[in-house]
>>> print(open('coords23.txt').read())   # compact mmCIF, C-alpha atoms
# COMPACT_ATOMS: atom_id res chain seq x y z
CA MET A 1 47.12 71.87 -4.39
CA ILE A 2 46.43 75.57 -4.77
CA ALA A 3 48.19 78.79 -3.76
CA VAL A 4 46.01 81.43 -2.09
CA PRO A 5 47.08 85.08 -1.65
CA LEU A 6 46.19 86.23 1.88
CA THR A 7 47.07 88.77 4.53
CA VAL A 8 48.39 87.65 7.92
CA GLN A 9 47.27 90.35 10.35
CA CYS A 10 49.31 90.67 13.55
CA LEU A 11 48.44 92.49 16.76
CA ASN A 12 51.62 94.56 16.55
CA GLY A 13 50.53 95.93 13.19
CA GLY A 14 53.05 93.90 11.24
CA ASP A 15 50.59 92.81 8.59
CA GLY A 16 52.07 90.86 5.73
CA ALA A 17 50.94 89.58 2.37
CA VAL A 18 51.55 85.85 2.03
CA THR A 19 50.77 83.13 -0.46
CA LEU A 20 49.40 80.16 1.44
CA THR A 21 49.82 76.77 -0.17
CA VAL A 22 46.89 74.44 0.50
CA GLU A 23 47.73 70.85 -0.32
CA ARG A 24 44.66 69.33 1.34
CA MET A 25 41.43 70.69 2.80
CA VAL A 26 38.78 69.15 5.03
CA ASN A 27 35.50 70.30 6.51
CA LEU A 28 34.37 69.16 9.94
CA GLY A 29 30.86 68.45 11.17
CA SER A 30 29.60 68.44 14.75
CA ALA A 31 32.93 69.83 15.96
CA THR A 32 31.56 71.23 19.22
CA ARG A 33 33.08 70.88 22.68
CA ASP A 34 29.73 69.75 24.11
CA PRO A 35 28.16 67.11 21.83
CA GLN A 36 24.68 68.33 22.75
CA THR A 37 25.45 71.69 21.15
CA ALA A 38 25.53 70.04 17.73
CA VAL A 39 22.10 68.41 18.11
CA ALA A 40 20.17 71.57 17.24
CA HIS A 41 21.97 71.89 13.88
CA ARG A 42 21.35 68.21 13.19
CA ASP A 43 17.64 68.79 13.82
CA GLU A 44 17.74 71.93 11.68
CA VAL A 45 19.00 70.11 8.59
CA ALA A 46 16.73 67.12 9.27
CA LYS A 47 13.74 69.39 8.55
CA HIS A 48 15.06 69.50 4.97
CA GLY A 49 15.49 65.74 4.66
CA ILE A 50 19.24 65.79 5.37
CA ARG A 51 20.58 62.94 7.48
CA ILE A 52 23.93 63.24 9.23
CA ALA A 53 25.88 59.98 9.63
CA THR A 54 25.74 59.88 13.42
CA SER A 55 27.16 56.35 13.38
CA VAL A 56 30.53 57.96 12.59
CA PRO A 57 32.14 59.55 15.67
CA ALA A 58 32.06 63.34 15.84
CA PRO A 59 33.65 65.44 14.64
CA ARG A 60 32.91 63.98 11.22
CA ILE A 61 35.56 64.69 8.58
CA TYR A 62 34.61 65.57 5.00
CA PRO A 63 37.55 65.70 2.56
CA ILE A 64 37.06 68.57 0.10
CA GLY A 65 39.11 69.15 -3.04
CA SER A 66 41.31 72.20 -2.54
CA HIS A 67 40.12 73.64 -5.87
CA ALA A 68 36.84 74.42 -4.06
CA LEU A 69 38.53 77.08 -1.92
CA THR A 70 37.92 80.72 -2.84
CA THR A 71 38.37 84.19 -1.37
CA GLY A 72 36.07 85.62 -4.04
CA THR A 73 32.90 87.64 -3.65
CA SER A 74 30.51 85.51 -5.73
CA VAL A 75 29.39 81.88 -5.58
CA GLU A 76 27.81 80.21 -8.61
CA VAL A 77 25.05 77.68 -7.83
CA HIS A 78 22.46 75.64 -9.72
CA THR A 79 19.37 76.20 -7.55
CA GLU A 80 18.13 78.68 -4.97
CA GLU A 81 18.30 75.95 -2.29
CA THR A 82 21.84 76.72 -1.08
CA SER A 83 23.07 78.38 2.07
CA GLY A 84 26.19 79.46 3.89
CA GLU A 85 27.59 78.39 7.26
CA VAL A 86 29.97 80.56 9.26
CA GLU A 87 32.95 78.53 10.49
CA ILE A 88 36.31 78.88 12.19
CA VAL A 89 39.08 78.19 9.70
CA VAL A 90 42.38 76.72 10.87
CA ALA A 91 45.41 76.52 8.60
CA ARG A 92 48.91 75.22 9.18
CA ASP A 93 51.36 76.76 6.75
CA GLY A 94 54.55 75.33 5.30
CA ASP A 95 56.56 76.60 8.28
CA GLY A 96 54.25 74.86 10.74
CA ARG A 97 52.66 78.11 11.93
CA VAL A 98 48.99 77.81 12.93
CA LEU A 99 46.74 80.53 11.54
CA VAL A 100 43.06 81.11 12.25
CA GLY A 101 40.38 82.91 10.32
CA VAL A 102 36.76 82.65 9.25
CA GLY A 103 34.91 81.20 6.30
CA SER A 104 31.59 80.03 4.98
CA ASP A 105 31.01 76.41 4.02
CA HIS A 106 28.45 77.17 1.31
CA THR A 107 26.32 74.08 0.71
CA ASP A 108 23.81 72.81 -1.85
CA ARG A 109 20.95 71.68 0.38
CA ALA A 110 19.12 69.76 -2.35
CA LEU A 111 22.20 67.66 -3.08
CA GLU A 112 22.89 67.33 0.65
CA ARG A 113 19.80 65.11 0.92
CA VAL A 114 21.73 62.64 -1.26
CA SER A 115 25.33 63.19 -0.11
CA ILE A 116 26.83 65.57 2.41
CA PRO A 117 30.40 65.41 0.98
CA TRP A 118 29.19 66.03 -2.59
CA SER A 119 26.97 68.90 -1.49
CA LYS A 120 29.97 70.61 0.10
CA GLN A 121 32.22 69.94 -2.89
CA VAL A 122 29.80 71.35 -5.46
CA CYS A 123 29.81 74.75 -3.73
CA PRO A 124 32.99 76.52 -2.66
CA ASN A 125 34.47 77.02 0.76
CA VAL A 126 34.54 80.81 0.96
CA LEU A 127 37.48 82.13 2.98
CA ALA A 128 37.93 85.68 4.26
CA PRO A 129 41.40 86.64 2.94
CA VAL A 130 42.77 87.63 6.36
CA LEU A 131 44.23 85.24 8.94
CA TRP A 132 45.55 85.74 12.48
CA PRO A 133 48.44 83.86 14.11
CA LEU A 134 46.88 81.66 16.78
CA GLU A 135 49.75 82.26 19.21
CA GLU A 136 48.87 85.97 19.40
CA ILE A 137 45.30 85.35 20.58
CA ARG A 138 45.66 82.03 22.37
CA ASP A 139 45.13 83.64 25.80
CA HIS A 140 41.78 85.16 24.80
CA TRP A 141 40.67 82.90 21.91
CA ASP A 142 37.43 81.90 23.65
CA ASP A 143 36.34 85.56 23.75
CA CYS A 144 36.02 85.63 19.95
CA VAL A 145 32.59 85.50 18.30
CA LEU A 146 31.35 84.17 14.96
CA ARG A 147 28.47 85.84 13.09
CA SER A 148 26.80 85.52 9.72
CA TRP A 149 24.04 87.37 7.88
CA VAL A 150 21.87 86.50 4.89
CA ASP A 151 20.25 89.35 2.96
CA ASP A 152 21.14 91.68 5.88
CA ARG A 153 19.36 89.43 8.42
CA LEU A 154 21.40 88.03 11.31
CA TYR A 155 21.60 84.31 10.61
CA GLN A 156 24.14 82.92 13.11
CA GLU A 157 25.89 84.22 16.22
CA VAL A 158 28.00 82.10 18.56
CA SER A 159 31.17 82.21 20.67
CA VAL A 160 34.10 80.24 19.31
CA ALA A 161 34.13 78.58 22.74
CA ALA A 162 31.26 76.41 21.50
CA PHE A 163 33.65 74.68 19.10
CA LEU A 164 36.74 72.56 19.49
CA HIS A 165 39.85 74.62 20.10
CA PRO A 166 42.11 74.88 17.02
CA ASP A 167 44.81 72.84 18.82
CA ASP A 168 42.28 70.06 19.43
CA VAL A 169 41.14 70.18 15.81
CA LEU A 170 44.69 69.58 14.59
CA ALA A 171 45.26 66.83 17.16
CA ILE A 172 42.09 65.01 16.08
CA LEU A 173 43.08 65.22 12.43
CA ALA A 174 46.54 63.82 13.21
CA GLU A 175 44.86 60.85 14.91
CA ARG A 176 41.95 60.19 12.56
CA ALA A 177 43.36 61.31 9.21
CA PRO A 178 46.97 60.06 9.14
CA GLY A 179 47.00 60.40 5.36
CA LEU A 180 46.81 64.18 5.55
CA PRO A 181 50.06 66.17 5.43
CA GLU A 182 51.13 67.85 8.66
CA ARG A 183 51.52 71.19 6.90
CA ASP A 184 49.81 73.10 4.08
CA VAL A 185 46.44 71.95 5.41
CA MET A 186 43.24 73.98 5.80
CA VAL A 187 40.29 73.01 8.01
CA PHE A 188 36.79 74.46 8.07
CA CYS A 189 35.78 73.65 11.62
CA GLY A 190 32.01 73.12 11.58
CA THR A 191 29.01 75.30 12.25
CA ILE A 192 26.05 75.72 14.57
CA VAL A 193 22.30 76.18 14.35
CA SER A 194 20.92 79.45 12.97
CA VAL A 195 19.29 81.98 15.28
CA ASP A 196 15.80 80.91 14.16
CA LYS A 197 16.73 77.21 13.96
CA ARG A 198 15.92 76.90 10.26
CA LEU A 199 18.16 76.77 7.21
CA GLY A 200 18.28 80.12 5.46
CA PHE A 201 18.38 80.83 1.74
CA GLY A 202 19.24 84.09 0.06
CA ARG A 203 21.49 85.94 -2.37
CA ASP A 204 23.77 88.02 -0.13
CA TRP A 205 25.89 86.40 2.59
CA ARG A 206 28.25 88.06 5.05
CA PHE A 207 30.30 86.50 7.82
CA GLN A 208 32.60 87.69 10.58
CA LEU A 209 35.11 86.69 13.24
CA ASP A 210 35.06 89.29 16.01
CA ASP A 211 37.92 89.63 18.51
CA PRO A 212 36.47 92.11 21.03
CA SER A 213 39.47 91.83 23.35
CA ALA A 214 41.77 93.23 20.65
CA GLY A 215 39.13 95.44 19.04
CA ARG A 216 39.41 93.91 15.59
CA ARG A 217 37.34 91.84 13.18
CA ILE A 218 37.64 89.81 10.03
CA ASP A 219 34.72 90.42 7.66
CA HIS A 220 33.90 89.01 4.25
CA ALA A 221 30.86 88.94 1.98
CA TYR A 222 29.76 87.23 -1.20
CA ARG A 223 26.75 87.11 -3.51
CA VAL A 224 25.09 83.95 -4.77
CA VAL A 225 24.67 83.74 -8.56
CA GLU A 226 22.11 81.22 -9.82
CA MET A 227 23.59 80.08 -13.11
CA PHE A 228 20.29 78.94 -14.63
CA ASP A 229 19.07 82.54 -14.51
CA ALA A 230 20.99 83.04 -17.75
CA LEU A 231 18.74 80.52 -19.56
CA ALA A 232 15.17 81.02 -20.74
CA PRO A 233 12.81 78.90 -18.55
CA ASP A 234 11.90 76.44 -21.35
CA TYR A 235 15.56 75.50 -21.76
CA ARG A 236 16.52 74.76 -18.17
CA VAL A 237 17.35 71.08 -17.70
CA PRO A 238 16.40 69.32 -14.44
CA VAL A 239 19.14 69.54 -11.84
CA VAL A 240 18.52 65.95 -10.68
CA THR A 241 17.89 63.19 -13.21
CA GLY A 242 17.73 59.40 -13.20
CA ASP A 243 15.88 57.67 -10.36
CA GLY A 244 15.93 60.72 -8.11
CA SER A 245 13.14 63.25 -7.95
CA ALA A 246 13.83 66.10 -10.36
CA VAL A 247 14.76 69.41 -8.81
CA ALA A 248 13.82 72.17 -11.20
CA ALA A 249 16.13 75.11 -11.61
CA SER A 250 14.64 78.19 -10.03
CA ALA A 251 12.48 80.25 -12.34
>>> encode(input="coords23.txt", output="structure tokens")
Amino acid sequence: MIAVPLTVQCLNGGDGAVTLTVERMVNLGSATRDPQTAVAHRDEVAKHGIRIATSVPAPRIYPIGSHALTTGTSVEVHTEETSGEVEIVVARDGDGRVLVGVGSDHTDRALERVSIPWSKQVCPNVLAPVLWPLEEIRDHWDDCVLRSWVDDRLYQEVSVAAFLHPDDVLAILAERAPGLPERDVMVFCGTIVSVDKRLGFGRDWRFQLDDPSAGRRIDHAYRVVEMFDALAPDYRVPVVTGDGSAVAASA
């Protein structure tokens, strides 16, 4: 369990600083309203040797330790083969209020070839530190748009209408994950294929939830720090050892 300082931004201007308790966190995969929409992302990651467990019904649920949640502006990684994914974030606070925002499920793509849950756990879920009450935008939720950029290049752009509605996300979790608490839960709600249909890698990531109907946005950015850069090349240990193929730390 962690406590995260955030701002709840209301349409009437009654913004308020809150500390959101997150007892459990999960990430979803293939959480699209039309199952075919998720196929392009599945093909995208397959080009990098990543296999999604399609035998498990979508949306697939990946439990992530809450210590992996951050609102920071830097992400420390072991190789240059990591990338972000813009996602709707849904939280239910201790009072039962449903809040929505935007985040990036930063992922180690080398490790993802071995394990999708581990690859998501080793990198943080990056959360923009502003949330909106769902009730205030329920009537125009589907007008909202998600975007992300890597190194100032547009990487993803999609309407939230492509994804399961936040109410449906919470209903599915109640059915499929009865061990999760009803409150103090945070959900990263899955992503979609990039604009060029290839995984992107870079140092500077930015993501956004745009509400054009209300004329407001949530923006956040972070920089990737490759930790092996601090070591001289001759002293960098392989990232993968044992029976797996060694992945050298970037030079």
>>> atom_distance(input="coords23.txt", atom1="CA of Val126 (chain A)", atom2="CA of Val102 (chain A)")
8.8 Å
>>> residues_around(input="coords23.txt", residues="Ala31 (chain A)", least_positions_apart="4", cutoff="7 Å", atoms="all atoms listed in the file", output="list in words")
Ala58, Pro59, Phe163, Leu164, Cys189 and Gly190 of chain A
>>> closest_atom_pairs(input="coords23.txt", of="region 52-73 of chain A", to="region 127-134 of chain A", cutoff="9 Å", atoms="all atoms listed in the file", output="tab-separated table")
residue	atom	partner	partner_atom	distance
A:Leu69	CA	A:Leu127	CA	7.1
A:Thr70	CA	A:Leu127	CA	6.0
A:Thr71	CA	A:Leu127	CA	4.9
A:Gly72	CA	A:Leu127	CA	8.0
>>> closest_atom_pairs(input="coords23.txt", of="region 147-234 of chain A", to="region 10-28 of chain A", cutoff="12 Å", atoms="all atoms listed in the file", output="tab-separated table")
residue	atom	partner	partner_atom	distance
A:Phe163	CA	A:Leu28	CA	10.7
A:Leu164	CA	A:Leu28	CA	10.4
A:Pro166	CA	A:Leu28	CA	11.9
A:Val169	CA	A:Leu28	CA	9.0
A:Leu170	CA	A:Val26	CA	11.2
A:Ile172	CA	A:Leu28	CA	10.7
A:Leu173	CA	A:Val26	CA	9.4
A:Ala177	CA	A:Val26	CA	10.0
A:Gly179	CA	A:Arg24	CA	10.1
A:Leu180	CA	A:Arg24	CA	7.0
A:Pro181	CA	A:Arg24	CA	7.5
A:Glu182	CA	A:Arg24	CA	9.9
A:Arg183	CA	A:Glu23	CA	8.2
A:Asp184	CA	A:Val22	CA	4.8
A:Val185	CA	A:Arg24	CA	5.2
A:Met186	CA	A:Met25	CA	4.8
A:Val187	CA	A:Val26	CA	5.1
A:Phe188	CA	A:Asn27	CA	4.6
A:Cys189	CA	A:Leu28	CA	5.0
A:Gly190	CA	A:Leu28	CA	4.9
A:Thr191	CA	A:Leu28	CA	8.5
A:Ile192	CA	A:Leu28	CA	11.6
A:Asp211	CA	A:Leu11	CA	11.0
A:Ser213	CA	A:Leu11	CA	11.2
A:Ala214	CA	A:Leu11	CA	7.8
A:Gly215	CA	A:Leu11	CA	10.0
A:Arg216	CA	A:Leu11	CA	9.2
A:Arg217	CA	A:Leu11	CA	11.7
>>> atom_distance(input="coords23.txt", atom1="CA of Glu112 (chain A)", atom2="CA of Lys47 (chain A)")
12.3 Å
>>> residues_around(input="coords23.txt", residues="Asn125 (chain A)", least_positions_apart="6", cutoff="6 Å", atoms="all atoms listed in the file", output="PyMOL selection string")
chain A and resi 68-69+104-105
>>> atom_distance(input="coords23.txt", atom1="CA of Val240 (chain A)", atom2="CA of Gly84 (chain A)")
21.3 Å
>>> closest_residue(input="coords23.txt", among="A:Asp143, A:Asp95, A:Asp167, A:Asp108", to="His48 (chain A)", atoms="only C-alpha atoms")
A:Asp108
>>> closest_residue(input="coords23.txt", among="A:Ala3, A:Glu135, A:Gln156, A:Ile61", to="Ala174 (chain A)", atoms="only C-alpha atoms")
A:Ile61
>>> closest_residue(input="coords23.txt", among="A:Gln208, A:Thr241, A:Ser119, A:Ser194", to="Pro63 (chain A)", atoms="all atoms listed in the file")
A:Ser119
>>> closest_residue(input="coords23.txt", among="A:Asp152, A:Lys197, A:Ala110, A:Tyr235", to="Gly49 (chain A)", atoms="all atoms listed in the file")
A:Ala110
>>> closest_residue(input="coords23.txt", among="A:Ile116, A:Val86, A:Leu99, A:Val122", to="His220 (chain A)", atoms="all atoms listed in the file")
A:Val86
>>> closest_residue(input="coords23.txt", among="A:Pro212, A:Pro178, A:Gly29, A:Gly103", to="Ala91 (chain A)", atoms="only C-alpha atoms")
A:Gly103
>>> residues_near_point(input="coords23.txt", point="(34.8, 86.8, 24.7)", cutoff="12 Å", atoms="all atoms listed in the file", output="list of chain:residue names")
A:Ile137, A:Asp139, A:His140, A:Trp141, A:Asp142, A:Asp143, A:Cys144, A:Val145, A:Leu146, A:Val158, A:Ser159, A:Val160, A:Ala161, A:Ala162, A:Leu209, A:Asp210, A:Asp211, A:Pro212, A:Ser213, A:Ala214, A:Gly215
>>> decode(input="coords23.txt", residues="region 101-113 of chain A", atoms="all heavy atoms", output="PDB file, in the first residue's frame")
ATOM      1  N   GLY A 101      -7.840   9.403 -14.983  1.00  0.00           N
ATOM      2  CA  GLY A 101      -6.668  10.187 -15.346  1.00  0.00           C
ATOM      3  C   GLY A 101      -5.922   9.488 -16.464  1.00  0.00           C
ATOM      4  O   GLY A 101      -6.500   8.715 -17.228  1.00  0.00           O
ATOM      5  N   VAL A 102      -4.615   9.744 -16.540  1.00  0.00           N
ATOM      6  CA  VAL A 102      -3.820   9.190 -17.622  1.00  0.00           C
ATOM      7  C   VAL A 102      -2.446   8.808 -17.093  1.00  0.00           C
ATOM      8  O   VAL A 102      -1.906   9.441 -16.182  1.00  0.00           O
ATOM      9  CB  VAL A 102      -3.708  10.199 -18.794  1.00  0.00           C
ATOM     10  CG1 VAL A 102      -2.999  11.477 -18.366  1.00  0.00           C
ATOM     11  CG2 VAL A 102      -3.039   9.575 -20.009  1.00  0.00           C
ATOM     12  N   GLY A 103      -1.902   7.753 -17.657  1.00  0.00           N
ATOM     13  CA  GLY A 103      -0.589   7.288 -17.231  1.00  0.00           C
ATOM     14  C   GLY A 103       0.140   6.609 -18.362  1.00  0.00           C
ATOM     15  O   GLY A 103      -0.375   6.482 -19.481  1.00  0.00           O
ATOM     16  N   SER A 104       1.353   6.184 -18.058  1.00  0.00           N
ATOM     17  CA  SER A 104       2.174   5.437 -19.008  1.00  0.00           C
ATOM     18  C   SER A 104       2.652   4.160 -18.337  1.00  0.00           C
ATOM     19  O   SER A 104       3.321   4.214 -17.299  1.00  0.00           O
ATOM     20  CB  SER A 104       3.372   6.274 -19.470  1.00  0.00           C
ATOM     21  OG  SER A 104       4.225   5.518 -20.318  1.00  0.00           O
ATOM     22  N   ASP A 105       2.287   3.041 -18.918  1.00  0.00           N
ATOM     23  CA  ASP A 105       2.752   1.737 -18.450  1.00  0.00           C
ATOM     24  C   ASP A 105       4.119   1.494 -19.091  1.00  0.00           C
ATOM     25  O   ASP A 105       4.225   0.876 -20.144  1.00  0.00           O
ATOM     26  CB  ASP A 105       1.731   0.665 -18.847  1.00  0.00           C
ATOM     27  CG  ASP A 105       2.238  -0.747 -18.643  1.00  0.00           C
ATOM     28  OD1 ASP A 105       3.252  -0.926 -17.958  1.00  0.00           O
ATOM     29  OD2 ASP A 105       1.613  -1.673 -19.186  1.00  0.00           O
ATOM     30  N   HIS A 106       5.176   2.035 -18.471  1.00  0.00           N
ATOM     31  CA  HIS A 106       6.506   1.873 -19.056  1.00  0.00           C
ATOM     32  C   HIS A 106       6.949   0.420 -18.901  1.00  0.00           C
ATOM     33  O   HIS A 106       6.776  -0.181 -17.833  1.00  0.00           O
ATOM     34  CB  HIS A 106       7.516   2.822 -18.400  1.00  0.00           C
ATOM     35  CG  HIS A 106       8.682   3.113 -19.280  1.00  0.00           C
ATOM     36  ND1 HIS A 106       8.645   4.089 -20.269  1.00  0.00           N
ATOM     37  CD2 HIS A 106       9.899   2.532 -19.381  1.00  0.00           C
ATOM     38  CE1 HIS A 106       9.792   4.103 -20.902  1.00  0.00           C
ATOM     39  NE2 HIS A 106      10.572   3.161 -20.398  1.00  0.00           N
ATOM     40  N   THR A 107       7.514  -0.150 -19.970  1.00  0.00           N
ATOM     41  CA  THR A 107       7.731  -1.597 -20.033  1.00  0.00           C
ATOM     42  C   THR A 107       9.118  -1.919 -20.569  1.00  0.00           C
ATOM     43  O   THR A 107       9.578  -1.302 -21.530  1.00  0.00           O
ATOM     44  CB  THR A 107       6.665  -2.243 -20.943  1.00  0.00           C
ATOM     45  OG1 THR A 107       5.358  -1.928 -20.433  1.00  0.00           O
ATOM     46  CG2 THR A 107       6.823  -3.749 -20.985  1.00  0.00           C
ATOM     47  N   ASP A 108       9.750  -2.907 -19.948  1.00  0.00           N
ATOM     48  CA  ASP A 108      11.032  -3.431 -20.426  1.00  0.00           C
ATOM     49  C   ASP A 108      10.740  -4.468 -21.512  1.00  0.00           C
ATOM     50  O   ASP A 108      10.265  -5.563 -21.221  1.00  0.00           O
ATOM     51  CB  ASP A 108      11.795  -4.067 -19.258  1.00  0.00           C
ATOM     52  CG  ASP A 108      13.194  -4.518 -19.635  1.00  0.00           C
ATOM     53  OD1 ASP A 108      13.349  -5.187 -20.677  1.00  0.00           O
ATOM     54  OD2 ASP A 108      14.137  -4.202 -18.887  1.00  0.00           O
ATOM     55  N   ARG A 109      11.019  -4.114 -22.750  1.00  0.00           N
ATOM     56  CA  ARG A 109      10.632  -4.991 -23.865  1.00  0.00           C
ATOM     57  C   ARG A 109      11.508  -6.235 -23.963  1.00  0.00           C
ATOM     58  O   ARG A 109      11.046  -7.275 -24.467  1.00  0.00           O
ATOM     59  CB  ARG A 109      10.673  -4.209 -25.178  1.00  0.00           C
ATOM     60  CG  ARG A 109       9.762  -2.990 -25.213  1.00  0.00           C
ATOM     61  CD  ARG A 109       8.311  -3.341 -24.978  1.00  0.00           C
ATOM     62  NE  ARG A 109       7.447  -2.166 -25.090  1.00  0.00           N
ATOM     63  CZ  ARG A 109       6.134  -2.179 -24.904  1.00  0.00           C
ATOM     64  NH1 ARG A 109       5.525  -3.296 -24.576  1.00  0.00           N
ATOM     65  NH2 ARG A 109       5.425  -1.072 -25.018  1.00  0.00           N
ATOM     66  N   ALA A 110      12.762  -6.152 -23.520  1.00  0.00           N
ATOM     67  CA  ALA A 110      13.607  -7.345 -23.522  1.00  0.00           C
ATOM     68  C   ALA A 110      13.064  -8.373 -22.541  1.00  0.00           C
ATOM     69  O   ALA A 110      12.923  -9.560 -22.857  1.00  0.00           O
ATOM     70  CB  ALA A 110      15.046  -6.971 -23.190  1.00  0.00           C
ATOM     71  N   LEU A 111      12.741  -7.942 -21.342  1.00  0.00           N
ATOM     72  CA  LEU A 111      12.186  -8.840 -20.339  1.00  0.00           C
ATOM     73  C   LEU A 111      10.794  -9.314 -20.731  1.00  0.00           C
ATOM     74  O   LEU A 111      10.386 -10.425 -20.372  1.00  0.00           O
ATOM     75  CB  LEU A 111      12.146  -8.131 -18.982  1.00  0.00           C
ATOM     76  CG  LEU A 111      11.676  -8.953 -17.779  1.00  0.00           C
ATOM     77  CD1 LEU A 111      12.517 -10.216 -17.610  1.00  0.00           C
ATOM     78  CD2 LEU A 111      11.708  -8.111 -16.519  1.00  0.00           C
ATOM     79  N   GLU A 112      10.070  -8.509 -21.477  1.00  0.00           N
ATOM     80  CA  GLU A 112       8.704  -8.873 -21.878  1.00  0.00           C
ATOM     81  C   GLU A 112       8.691 -10.118 -22.755  1.00  0.00           C
ATOM     82  O   GLU A 112       7.685 -10.824 -22.820  1.00  0.00           O
ATOM     83  CB  GLU A 112       8.039  -7.700 -22.598  1.00  0.00           C
ATOM     84  CG  GLU A 112       6.534  -7.833 -22.711  1.00  0.00           C
ATOM     85  CD  GLU A 112       5.868  -6.580 -23.245  1.00  0.00           C
ATOM     86  OE1 GLU A 112       6.534  -5.777 -23.926  1.00  0.00           O
ATOM     87  OE2 GLU A 112       4.669  -6.393 -22.980  1.00  0.00           O
ATOM     88  N   ARG A 113       9.804 -10.396 -23.443  1.00  0.00           N
ATOM     89  CA  ARG A 113       9.880 -11.622 -24.237  1.00  0.00           C
ATOM     90  C   ARG A 113       9.866 -12.861 -23.341  1.00  0.00           C
ATOM     91  O   ARG A 113       9.563 -13.966 -23.804  1.00  0.00           O
ATOM     92  CB  ARG A 113      11.135 -11.601 -25.113  1.00  0.00           C
ATOM     93  CG  ARG A 113      11.064 -10.593 -26.245  1.00  0.00           C
ATOM     94  CD  ARG A 113      12.146 -10.827 -27.281  1.00  0.00           C
ATOM     95  NE  ARG A 113      13.459 -10.415 -26.810  1.00  0.00           N
ATOM     96  CZ  ARG A 113      13.972  -9.201 -27.012  1.00  0.00           C
ATOM     97  NH1 ARG A 113      13.273  -8.286 -27.682  1.00  0.00           N
ATOM     98  NH2 ARG A 113      15.175  -8.907 -26.573  1.00  0.00           N
TER      99      ARG A 113
END
